[in-house]
>>> print(open('upload-v6.txt').read())   # compact mmCIF, C-alpha atoms
# COMPACT_ATOMS: atom_id res chain seq x y z
CA MET W 5 52.08 -224.06 -13.69
CA THR W 6 55.18 -225.75 -15.08
CA GLY W 7 55.79 -227.54 -11.81
CA GLY W 8 52.32 -229.05 -11.72
CA SER W 9 49.36 -228.65 -9.40
CA GLU W 10 49.53 -229.56 -5.72
CA HIS W 11 46.76 -231.16 -3.71
CA TYR W 12 46.34 -231.85 0.00
CA ILE W 13 43.65 -234.39 0.83
CA VAL W 14 42.09 -235.10 4.24
CA ILE W 15 39.83 -238.13 4.67
CA GLU W 16 38.25 -239.78 7.70
CA PRO W 17 36.22 -243.01 7.60
CA PRO W 18 33.06 -243.64 9.66
CA ALA W 19 33.75 -244.21 13.33
CA ASP W 20 31.31 -247.11 13.79
CA LEU W 21 33.46 -249.71 12.01
CA ASP W 22 36.32 -251.94 13.09
CA LEU W 23 39.88 -251.25 11.94
CA THR W 24 39.87 -253.36 8.79
CA GLU W 25 36.52 -251.93 7.75
CA GLN W 26 37.69 -248.38 8.41
CA LEU W 27 40.86 -249.01 6.40
CA ALA W 28 38.84 -250.39 3.47
CA CYS W 29 36.48 -247.42 3.62
CA LEU W 30 39.41 -245.00 3.78
CA GLU W 31 40.99 -246.59 0.71
CA GLN W 32 37.69 -246.43 -1.19
CA ARG W 33 37.06 -242.78 -0.34
CA TYR W 34 40.66 -241.94 -1.21
CA ASP W 35 40.28 -243.58 -4.62
CA GLU W 36 37.05 -241.70 -5.24
CA THR W 37 38.67 -238.40 -4.27
CA ARG W 38 41.61 -239.01 -6.58
CA GLN W 39 39.23 -239.75 -9.43
CA GLU W 40 37.23 -236.58 -8.72
CA LEU W 41 40.43 -234.53 -8.77
CA CYS W 42 41.76 -236.40 -11.84
CA LEU W 43 44.97 -237.25 -9.99
CA PRO W 44 47.13 -239.63 -12.02
CA ALA W 45 49.06 -242.60 -10.72
CA GLY W 46 52.58 -241.73 -9.67
CA GLY W 47 51.76 -238.33 -8.19
CA ALA W 48 51.30 -239.31 -4.53
CA VAL W 49 54.30 -238.02 -2.57
CA PHE W 50 53.49 -238.14 1.15
CA ARG W 51 50.81 -239.67 3.35
CA ARG W 52 50.37 -239.43 7.09
CA LEU W 53 48.01 -241.72 8.97
CA PHE W 54 46.94 -240.42 12.36
CA VAL W 55 45.99 -243.49 14.41
CA SER W 56 44.49 -244.31 17.77
CA ASP W 57 46.72 -247.29 18.68
CA ALA W 58 49.99 -247.46 16.75
CA MET W 59 51.39 -250.59 18.37
CA ASN W 60 48.43 -252.68 17.25
CA GLN W 61 47.49 -250.86 14.05
CA ALA W 62 50.84 -250.10 12.40
CA PRO W 63 51.63 -253.63 11.17
CA LEU W 64 48.42 -253.71 9.13
CA LEU W 65 48.84 -250.15 7.85
CA ARG W 66 52.47 -250.61 6.77
CA HIS W 67 51.33 -253.35 4.42
CA SER W 68 48.32 -251.45 3.12
CA ARG W 69 48.32 -249.80 -0.28
CA PHE W 70 49.06 -246.42 1.35
CA ALA W 71 52.77 -247.31 1.32
CA GLU W 72 52.89 -247.26 -2.50
CA ASP W 73 51.23 -245.40 -5.33
CA GLU W 74 48.97 -246.98 -7.91
CA ASP W 75 51.93 -247.46 -10.27
CA ASN W 76 53.90 -249.18 -7.46
CA SER W 77 56.17 -246.15 -7.05
CA PRO W 78 57.16 -245.33 -3.47
CA VAL W 79 55.30 -242.92 -1.21
CA ALA W 80 56.63 -241.50 2.06
CA LEU W 81 54.30 -242.98 4.70
CA SER W 82 54.09 -241.61 8.23
CA ILE W 83 52.12 -243.47 10.90
CA ILE W 84 51.77 -241.53 14.12
CA GLN W 85 49.69 -242.20 17.20
CA GLN W 86 47.62 -239.08 17.69
CA PRO W 87 44.02 -240.23 18.04
CA PRO W 88 41.65 -238.47 15.62
CA LEU W 89 39.05 -236.71 17.71
CA SER W 90 36.25 -237.46 15.28
CA GLY W 91 36.10 -240.84 17.02
CA THR W 92 37.58 -242.79 14.12
CA LYS W 93 40.59 -245.09 14.51
CA LEU W 94 42.56 -243.46 11.71
CA SER W 95 42.58 -240.36 9.54
CA LEU W 96 44.55 -239.58 6.38
CA LEU W 97 46.47 -236.55 5.21
CA ALA W 98 47.87 -237.01 1.67
CA TYR W 99 49.95 -234.79 -0.60
CA HIS W 100 49.91 -235.13 -4.39
CA VAL W 101 51.57 -233.38 -7.30
CA SER W 102 49.86 -233.64 -10.69
CA GLY W 103 50.83 -232.41 -14.12
CA ALA W 104 54.58 -232.46 -13.44
CA LEU W 105 56.08 -234.24 -16.42
CA ASP W 106 59.55 -234.79 -14.98
CA LEU W 107 58.62 -236.02 -11.50
CA SER W 108 60.39 -239.19 -10.39
CA LYS W 109 60.43 -241.00 -7.05
CA ARG W 110 62.74 -243.56 -5.49
CA ARG W 111 63.04 -245.13 -2.08
CA LEU W 112 66.48 -244.77 -0.53
CA THR W 113 65.71 -246.66 2.70
CA PRO W 114 62.50 -247.75 4.42
CA ARG W 115 62.45 -244.28 6.05
CA HIS W 116 63.55 -242.07 3.16
CA VAL W 117 61.89 -241.32 -0.19
CA VAL W 118 63.40 -238.81 -2.61
CA VAL W 119 61.29 -237.03 -5.20
CA GLU W 120 63.18 -235.40 -8.07
CA LYS W 121 61.83 -232.73 -10.41
CA ASN W 122 63.13 -229.64 -12.19
CA GLY W 123 66.66 -230.28 -10.99
CA LEU W 124 65.77 -230.34 -7.29
CA ALA W 125 65.56 -233.33 -4.96
CA TYR W 126 62.94 -233.40 -2.21
CA LEU W 127 63.77 -235.80 0.61
CA TRP W 128 60.81 -237.02 2.66
CA THR W 129 61.84 -238.72 5.88
CA THR W 130 59.15 -240.52 7.87
CA GLY W 131 58.99 -242.61 11.01
CA LEU W 132 62.53 -242.04 12.21
CA CYS W 133 62.75 -243.62 15.64
CA PRO W 134 65.69 -244.85 17.69
CA GLY W 135 64.62 -248.49 17.74
CA SER W 136 65.24 -248.73 21.45
CA ASP W 137 64.91 -252.24 22.85
CA GLU W 138 65.69 -251.09 26.37
CA ARG W 139 63.73 -248.63 28.44
CA GLN W 140 66.94 -247.16 29.89
CA VAL W 141 67.99 -245.28 26.72
CA PRO W 142 67.75 -241.56 27.65
CA VAL W 143 65.55 -239.24 25.62
CA THR W 144 68.57 -237.06 24.85
CA GLN W 145 70.32 -240.05 23.27
CA GLN W 146 67.19 -241.10 21.40
CA THR W 147 66.82 -237.60 19.94
CA ARG W 148 70.44 -237.54 18.81
CA ARG W 149 70.00 -240.88 17.05
CA LEU W 150 67.16 -239.44 14.99
CA PHE W 151 69.10 -236.39 13.91
CA ASP W 152 72.26 -238.40 13.25
CA THR W 153 70.28 -240.65 10.89
CA LEU W 154 68.88 -237.66 9.03
CA ILE W 155 72.27 -235.95 8.88
CA ASP W 156 73.89 -239.09 7.46
CA GLU W 157 71.18 -239.43 4.80
CA LEU W 158 71.56 -235.79 3.78
CA ASP W 159 75.33 -236.18 3.67
CA GLY W 160 74.95 -239.09 1.26
CA LEU W 161 72.96 -236.81 -1.05
CA GLY W 162 75.49 -233.99 -0.80
CA GLY W 163 73.44 -231.95 1.65
CA THR W 164 73.51 -230.80 5.26
CA LEU W 165 71.00 -230.23 8.03
CA HIS W 166 71.95 -226.54 8.01
CA ASN W 167 71.46 -225.94 4.30
CA ASN W 168 68.74 -228.36 3.30
CA CYS W 169 66.35 -229.41 6.08
CA VAL W 170 63.22 -227.28 5.79
CA ARG W 171 60.75 -228.83 8.23
CA THR W 172 60.62 -231.36 11.07
CA TRP W 173 57.82 -232.92 13.08
CA ILE W 174 59.04 -234.29 16.41
CA TYR W 175 56.68 -236.49 18.41
CA VAL W 176 57.31 -237.08 22.10
CA LYS W 177 55.59 -239.57 24.38
CA ASP W 178 54.46 -238.01 27.66
CA ILE W 179 55.52 -234.56 26.51
CA ASP W 180 54.97 -232.99 29.92
CA VAL W 181 57.85 -235.11 31.20
CA PHE W 182 60.22 -235.55 28.25
CA TYR W 183 59.94 -232.41 26.11
CA LYS W 184 62.77 -230.58 27.86
CA ASP W 185 65.20 -233.46 27.27
CA MET W 186 64.34 -233.50 23.56
CA VAL W 187 64.84 -229.73 23.31
CA THR W 188 68.21 -229.97 25.08
CA SER W 189 69.47 -232.64 22.71
CA ARG W 190 68.15 -230.86 19.62
CA SER W 191 69.88 -227.65 20.67
CA GLU W 192 73.18 -229.49 21.05
CA VAL W 193 72.85 -231.04 17.60
CA PHE W 194 71.95 -227.69 16.04
CA LEU W 195 74.96 -226.00 17.63
CA GLU W 196 77.25 -228.68 16.20
CA GLN W 197 75.63 -228.25 12.77
CA GLY W 198 75.99 -224.46 12.72
CA LEU W 199 72.34 -223.70 13.37
CA SER W 200 71.89 -220.77 15.75
CA ALA W 201 69.85 -217.66 16.37
CA GLU W 202 72.42 -215.77 14.29
CA THR W 203 71.97 -218.11 11.30
CA HIS W 204 68.59 -219.83 11.39
CA PHE W 205 66.78 -222.83 12.84
CA ILE W 206 64.25 -225.20 11.19
CA ALA W 207 60.48 -224.89 11.08
CA SER W 208 59.13 -227.56 13.43
CA THR W 209 56.30 -228.98 15.45
CA GLY W 210 57.16 -230.58 18.79
CA ILE W 211 54.04 -232.32 20.07
CA GLU W 212 52.91 -235.41 21.91
CA GLY W 213 52.70 -238.49 19.71
CA ALA W 214 54.09 -242.00 19.45
CA CYS W 215 55.36 -244.57 17.00
CA ALA W 216 54.69 -248.30 17.27
CA HIS W 217 57.75 -249.18 19.37
CA ARG W 218 57.24 -249.59 23.08
CA PHE W 219 60.46 -248.00 24.35
CA ASP W 220 60.85 -245.24 21.79
CA ILE W 221 60.01 -241.90 23.40
CA VAL W 222 60.83 -239.74 20.37
CA THR W 223 60.01 -240.16 16.68
CA MET W 224 60.45 -237.73 13.79
CA ASP W 225 59.35 -236.89 10.26
CA ALA W 226 61.34 -234.40 8.17
CA TYR W 227 61.31 -232.64 4.82
CA SER W 228 64.51 -231.51 3.11
CA ILE W 229 65.28 -229.98 -0.29
CA LEU W 230 68.55 -230.56 -2.14
CA GLY W 231 69.63 -227.96 -4.67
CA LEU W 232 67.99 -224.89 -3.13
CA ALA W 233 69.63 -221.53 -3.73
CA PRO W 234 70.02 -219.38 -0.59
CA GLN W 235 67.76 -216.66 -2.00
CA GLN W 236 64.89 -219.12 -2.17
CA VAL W 237 64.69 -219.46 1.61
CA SER W 238 63.39 -216.92 4.11
CA TYR W 239 62.05 -217.15 7.64
CA LEU W 240 58.69 -215.92 8.88
CA ASN W 241 58.34 -213.76 11.96
CA ASP W 242 56.08 -211.03 13.28
CA PHE W 243 57.53 -209.64 16.48
CA ASP W 244 54.42 -207.55 17.12
CA HIS W 245 52.59 -210.84 17.67
CA LEU W 246 55.19 -213.45 18.68
CA CYS W 247 58.59 -213.39 20.32
CA PRO W 248 61.67 -215.15 18.90
CA THR W 249 61.68 -218.76 20.03
CA LYS W 250 65.14 -218.33 21.54
CA ASP W 251 63.53 -216.06 24.15
CA TYR W 252 62.18 -219.16 25.89
CA ASN W 253 65.12 -221.42 25.11
CA VAL W 254 63.80 -223.45 22.19
CA THR W 255 65.37 -223.70 18.77
CA PHE W 256 62.95 -223.67 15.85
CA GLU W 257 61.70 -221.21 13.24
CA ARG W 258 58.09 -220.09 13.50
CA GLY W 259 57.77 -220.44 9.76
CA THR W 260 59.84 -220.96 6.63
CA ARG W 261 59.10 -219.68 3.12
CA ILE W 262 60.51 -221.49 0.09
CA ALA W 263 60.19 -219.38 -3.06
CA TYR W 264 60.09 -220.77 -6.59
CA ALA W 265 59.66 -219.12 -9.98
CA ASP W 266 55.89 -219.55 -9.96
CA ARG W 267 54.87 -220.15 -6.32
CA ALA W 268 55.98 -220.08 -2.70
CA HIS W 269 55.53 -222.75 -0.04
CA LEU W 270 55.03 -221.46 3.50
CA PHE W 271 55.58 -223.99 6.27
CA ILE W 272 53.97 -222.83 9.51
CA SER W 273 55.37 -224.47 12.62
CA GLY W 274 53.24 -225.59 15.52
CA THR W 275 51.70 -222.31 16.73
CA ALA W 276 49.90 -221.69 20.00
CA SER W 277 48.30 -218.83 21.90
CA ILE W 278 51.47 -216.89 22.70
CA ASP W 279 52.23 -213.17 22.77
CA ARG W 280 55.29 -211.12 21.85
CA SER W 281 56.65 -211.53 25.37
CA GLY W 282 56.48 -215.32 25.20
CA GLN W 283 53.53 -215.53 27.59
CA ILE W 284 50.50 -217.79 27.29
CA VAL W 285 47.41 -215.83 26.26
CA HIS W 286 43.88 -216.74 27.46
CA PRO W 287 44.83 -219.51 29.93
CA GLY W 288 41.99 -221.95 30.52
CA ASN W 289 39.91 -220.79 27.52
CA VAL W 290 40.39 -223.12 24.56
CA LEU W 291 38.23 -221.13 22.13
CA ARG W 292 40.06 -217.87 22.74
CA GLN W 293 43.38 -219.69 22.57
CA PHE W 294 42.37 -221.18 19.23
CA ASP W 295 41.43 -217.77 17.84
CA HIS W 296 44.69 -216.26 19.07
CA ALA W 297 46.73 -219.11 17.60
CA LEU W 298 45.06 -218.54 14.22
CA ASP W 299 45.75 -214.82 14.54
CA ASN W 300 49.42 -215.71 15.02
CA VAL W 301 49.35 -218.00 11.98
CA GLU W 302 47.79 -215.20 9.96
CA ALA W 303 50.56 -212.82 11.08
CA LEU W 304 53.25 -215.30 10.05
CA LEU W 305 51.61 -215.85 6.67
CA ARG W 306 51.32 -212.11 6.15
CA ALA W 307 55.07 -211.81 6.74
CA GLY W 308 55.47 -214.14 3.75
CA SER W 309 53.03 -212.24 1.50
CA ALA W 310 50.24 -214.77 2.03
CA GLY W 311 47.09 -215.15 4.07
CA LEU W 312 44.80 -217.70 5.63
CA SER W 313 43.04 -218.13 2.29
CA GLU W 314 46.23 -219.74 0.91
CA LEU W 315 46.28 -222.48 3.55
CA MET W 316 46.26 -225.90 1.92
CA HIS W 317 45.56 -227.79 5.13
CA LEU W 318 45.53 -227.39 8.88
CA ILE W 319 46.30 -229.77 11.73
CA VAL W 320 44.79 -228.90 15.11
CA TYR W 321 46.23 -230.48 18.25
CA LEU W 322 44.11 -230.56 21.40
CA ARG W 323 45.17 -231.48 24.91
CA ASP W 324 41.65 -232.24 26.10
CA PRO W 325 39.52 -234.42 23.75
CA THR W 326 36.31 -232.98 25.21
CA ASP W 327 37.16 -229.65 23.54
CA HIS W 328 36.73 -231.21 20.10
CA PRO W 329 33.09 -230.25 19.36
CA ARG W 330 33.62 -226.56 20.12
CA ILE W 331 36.91 -226.37 18.22
CA LYS W 332 35.39 -228.17 15.23
CA THR W 333 32.60 -225.59 15.11
CA ALA W 334 35.02 -222.68 15.51
CA LEU W 335 37.26 -224.07 12.78
CA SER W 336 34.39 -224.45 10.30
CA GLU W 337 33.30 -220.88 11.01
CA ARG W 338 36.71 -219.27 10.64
CA LEU W 339 38.29 -221.43 7.93
CA PRO W 340 35.46 -223.02 5.95
CA GLY W 341 36.68 -225.25 3.18
CA VAL W 342 40.23 -225.71 4.47
CA PRO W 343 41.04 -229.44 4.79
CA ALA W 344 41.70 -230.02 8.49
CA ILE W 345 42.29 -232.81 10.97
CA ILE W 346 41.77 -232.43 14.71
CA VAL W 347 43.75 -234.88 16.83
CA GLN W 348 44.64 -235.42 20.46
CA GLY W 349 48.13 -234.03 20.93
CA PRO W 350 49.11 -232.26 24.15
CA VAL W 351 51.31 -229.23 23.56
CA CYS W 352 54.71 -228.62 25.15
CA ARG W 353 53.35 -226.37 27.90
CA PRO W 354 50.40 -227.80 29.86
CA GLU W 355 48.63 -224.42 29.88
CA TRP W 356 48.46 -224.43 26.09
CA LEU W 357 45.20 -226.20 25.31
CA VAL W 358 45.50 -226.06 21.51
CA GLU W 359 48.15 -225.76 18.82
CA VAL W 360 47.82 -225.45 15.04
CA GLU W 361 50.11 -225.91 12.06
CA GLY W 362 49.71 -225.81 8.32
CA ILE W 363 51.14 -225.29 4.86
CA ALA W 364 50.18 -222.47 2.52
CA ILE W 365 50.93 -222.12 -1.19
CA ALA W 366 50.97 -218.58 -2.55
CA ASP W 367 51.61 -217.06 -5.96
CA ASN W 368 55.15 -215.91 -6.64
CA GLU W 369 56.64 -214.48 -9.82
CA ASP W 370 60.41 -214.57 -10.04
CA PRO W 371 61.84 -216.16 -13.19
CA THR W 372 65.35 -216.00 -11.71
CA LEU W 373 64.43 -218.77 -9.27
CA SER W 374 64.14 -222.49 -9.87
CA SER W 375 60.72 -223.81 -10.82
CA PHE W 376 58.97 -226.15 -8.41
>>> encode(input="upload-v6.txt", output="structure tokens")
Amino acid sequence: MTGGSEHYIVIEPPADLDLTEQLACLEQRYDETRQELCLPAGGAVFRRLFVSDAMNQAPLLRHSRFAEDEDNSPVALSIIQQPPLSGTKLSLLAYHVSGALDLSKRRLTPRHVVVEKNGLAYLWTTGLCPGSDERQVPVTQQTRRLFDTLIDELDGLGGTLHNNCVRTWIYVKDIDVFYKDMVTSRSEVFLEQGLSAETHFIASTGIEGACAHRFDIVTMDAYSILGLAPQQVSYLNDFDHLCPTKDYNVTFERGTRIAYADRAHLFISGTASIDRSGQIVHPGNVLRQFDHALDNVEALLRAGSAGLSELMHLIVYLRDPTDHPRIKTALSERLPGVPAIIVQGPVCRPEWLVEVEGIAIADNEDPTLSSF
């Protein structure tokens, strides 16, 4: 492929080590994996560390070698408190591009890295948080600060939230209490930016998680693409399986497909056990909810001419950590070989016991489109 090969890597260290030992082991295993895959220096684009205690662990991790590539080029690094349910203190999800001759990376700010290739600019935004030093700052105001920062950065690159933001991950402390306030603020921002049910929203996951700042309730990662043509973007739905999100007053796309000359990227939002009427399916049964959520993911992928076999990775969020062994077994049975991380992350409705998200890469042949 002219745009290079893409790789998603998931690594977890042994659980019976302290933090520094786990970090060293993670780095070693990561190096070994890169060597096995023949991944060159300079191709690491994005890394997310799922951690058990962000306030204490983030300072060490920010100064680890995960923040830069082997050639000292920048890498978008996300550190989010969602305890890995394997029992380890941290787990790694990494994204690499190899074989792309024209790939270049530069850091715009501590929170923004832009990757340029084939005439397109890919903006990776990580760890956006309001920096609240007072507990009185409302969640609605915190959420607006995050989006305002992203909007300003896109504006400086000649883009907009409406035209260029493809995916967001919004993490909310104590989601059972604060999710509604985040949704309200996001809806207001979207309305101001021309995002509506008549135009489109943005693929997203809204889930419990935390950054390393005590008073920050909301933190966000985002992925935007500058230079996209409108015909490259489509939105994934299957109304026989899932209702439009607007039916229960939230504003996100269930999935977004970005088409290129030689491939398509399918970004699947956080997906739970929901039916076409917006109702929770299989309340109280985590295994049946997990199966139904994967059925919904499969339906969304099918709408984009892809299937579960094209999934490059999966993140599974569980409300109850004691469900981990059964979900791990079910995951290995249904999706063997797919890199996956299972973390503790309560979903936006308490009755949803599990949520899943992922990215798929499918073949696409359309020489009229830009190459990846």
>>> atom_distance(input="upload-v6.txt", atom1="CA of Val358 in chain W", atom2="CA of Val143 in chain W")
24.3 Å
>>> closest_residue(input="upload-v6.txt", among="W:Val14, W:Thr164, W:Ala216, W:Tyr34", to="Leu64 in chain W", atoms="only C-alpha atoms")
W:Ala216
>>> closest_residue(input="upload-v6.txt", among="W:Val119, W:Leu41, W:Leu240, W:Met186", to="His204 in chain W", atoms="only C-alpha atoms")
W:Leu240
>>> atom_distance(input="upload-v6.txt", atom1="CA of Ile331 in chain W", atom2="CA of Arg38 in chain W")
28.2 Å
>>> closest_residue(input="upload-v6.txt", among="W:Ile346, W:Leu97, W:Ala364, W:Ile15", to="Thr333 in chain W", atoms="all atoms listed in the file")
W:Ile346
>>> closest_residue(input="upload-v6.txt", among="W:Pro78, W:Pro325, W:Pro340, W:Gly210", to="Thr113 in chain W", atoms="all atoms listed in the file")
W:Pro78
>>> atom_distance(input="upload-v6.txt", atom1="CA of His245 in chain W", atom2="CA of Leu270 in chain W")
17.9 Å
>>> residues_around(input="upload-v6.txt", residues="Gly311 in chain W", least_positions_apart="2", cutoff="12 Å", atoms="all atoms listed in the file", output="VMD selection string")
chain W and resid 270 272 298 to 309 313 to 316 339 362 to 367
>>> closest_residue(input="upload-v6.txt", among="W:Asp75, W:Glu202, W:Asp220, W:Glu212", to="Gly131 in chain W", atoms="only C-alpha atoms")
W:Asp220
>>> residues_around(input="upload-v6.txt", residues="Tyr175 in chain W", least_positions_apart="2", cutoff="12 Å", atoms="all atoms listed in the file", output="tab-separated table (two decimals) with C-alpha atoms, keeping the file's coordinate frame")
chain	number	residue	atom	x	y	z
W	82	SER	CA	54.09	-241.61	8.23
W	83	ILE	CA	52.12	-243.47	10.90
W	84	ILE	CA	51.77	-241.53	14.12
W	85	GLN	CA	49.69	-242.20	17.20
W	86	GLN	CA	47.62	-239.08	17.69
W	130	THR	CA	59.15	-240.52	7.87
W	131	GLY	CA	58.99	-242.61	11.01
W	132	LEU	CA	62.53	-242.04	12.21
W	133	CYS	CA	62.75	-243.62	15.64
W	143	VAL	CA	65.55	-239.24	25.62
W	146	GLN	CA	67.19	-241.10	21.40
W	147	THR	CA	66.82	-237.60	19.94
W	150	LEU	CA	67.16	-239.44	14.99
W	172	THR	CA	60.62	-231.36	11.07
W	173	TRP	CA	57.82	-232.92	13.08
W	177	LYS	CA	55.59	-239.57	24.38
W	178	ASP	CA	54.46	-238.01	27.66
W	179	ILE	CA	55.52	-234.56	26.51
W	182	PHE	CA	60.22	-235.55	28.25
W	183	TYR	CA	59.94	-232.41	26.11
W	186	MET	CA	64.34	-233.50	23.56
W	187	VAL	CA	64.84	-229.73	23.31
W	208	SER	CA	59.13	-227.56	13.43
W	209	THR	CA	56.30	-228.98	15.45
W	210	GLY	CA	57.16	-230.58	18.79
W	211	ILE	CA	54.04	-232.32	20.07
W	212	GLU	CA	52.91	-235.41	21.91
W	213	GLY	CA	52.70	-238.49	19.71
W	214	ALA	CA	54.09	-242.00	19.45
W	215	CYS	CA	55.36	-244.57	17.00
W	220	ASP	CA	60.85	-245.24	21.79
W	221	ILE	CA	60.01	-241.90	23.40
W	222	VAL	CA	60.83	-239.74	20.37
W	223	THR	CA	60.01	-240.16	16.68
W	224	MET	CA	60.45	-237.73	13.79
W	225	ASP	CA	59.35	-236.89	10.26
W	226	ALA	CA	61.34	-234.40	8.17
W	274	GLY	CA	53.24	-225.59	15.52
W	349	GLY	CA	48.13	-234.03	20.93
W	350	PRO	CA	49.11	-232.26	24.15
W	351	VAL	CA	51.31	-229.23	23.56
W	352	CYS	CA	54.71	-228.62	25.15
>>> residues_around(input="upload-v6.txt", residues="Leu65 in chain W", least_positions_apart="4", cutoff="9 Å", atoms="all atoms listed in the file", output="number ranges by chain")
W: 27, 53, 61, 69-71, 83
>>> write_last_selection(input="upload-v6.txt", atoms="C-alpha atoms", output="PDB file, in the frame of the given file")
ATOM      1  CA  LEU W  27      40.860-249.010   6.400  1.00  0.00           C
ATOM      2  CA  LEU W  53      48.010-241.720   8.970  1.00  0.00           C
ATOM      3  CA  GLN W  61      47.490-250.860  14.050  1.00  0.00           C
ATOM      4  CA  ARG W  69      48.320-249.800  -0.280  1.00  0.00           C
ATOM      5  CA  PHE W  70      49.060-246.420   1.350  1.00  0.00           C
ATOM      6  CA  ALA W  71      52.770-247.310   1.320  1.00  0.00           C
ATOM      7  CA  ILE W  83      52.120-243.470  10.900  1.00  0.00           C
TER       8      ILE W  83
END
>>> closest_residue(input="upload-v6.txt", among="W:Arg323, W:Leu94, W:Gly198, W:Arg51", to="Ala28 in chain W", atoms="all atoms listed in the file")
W:Leu94
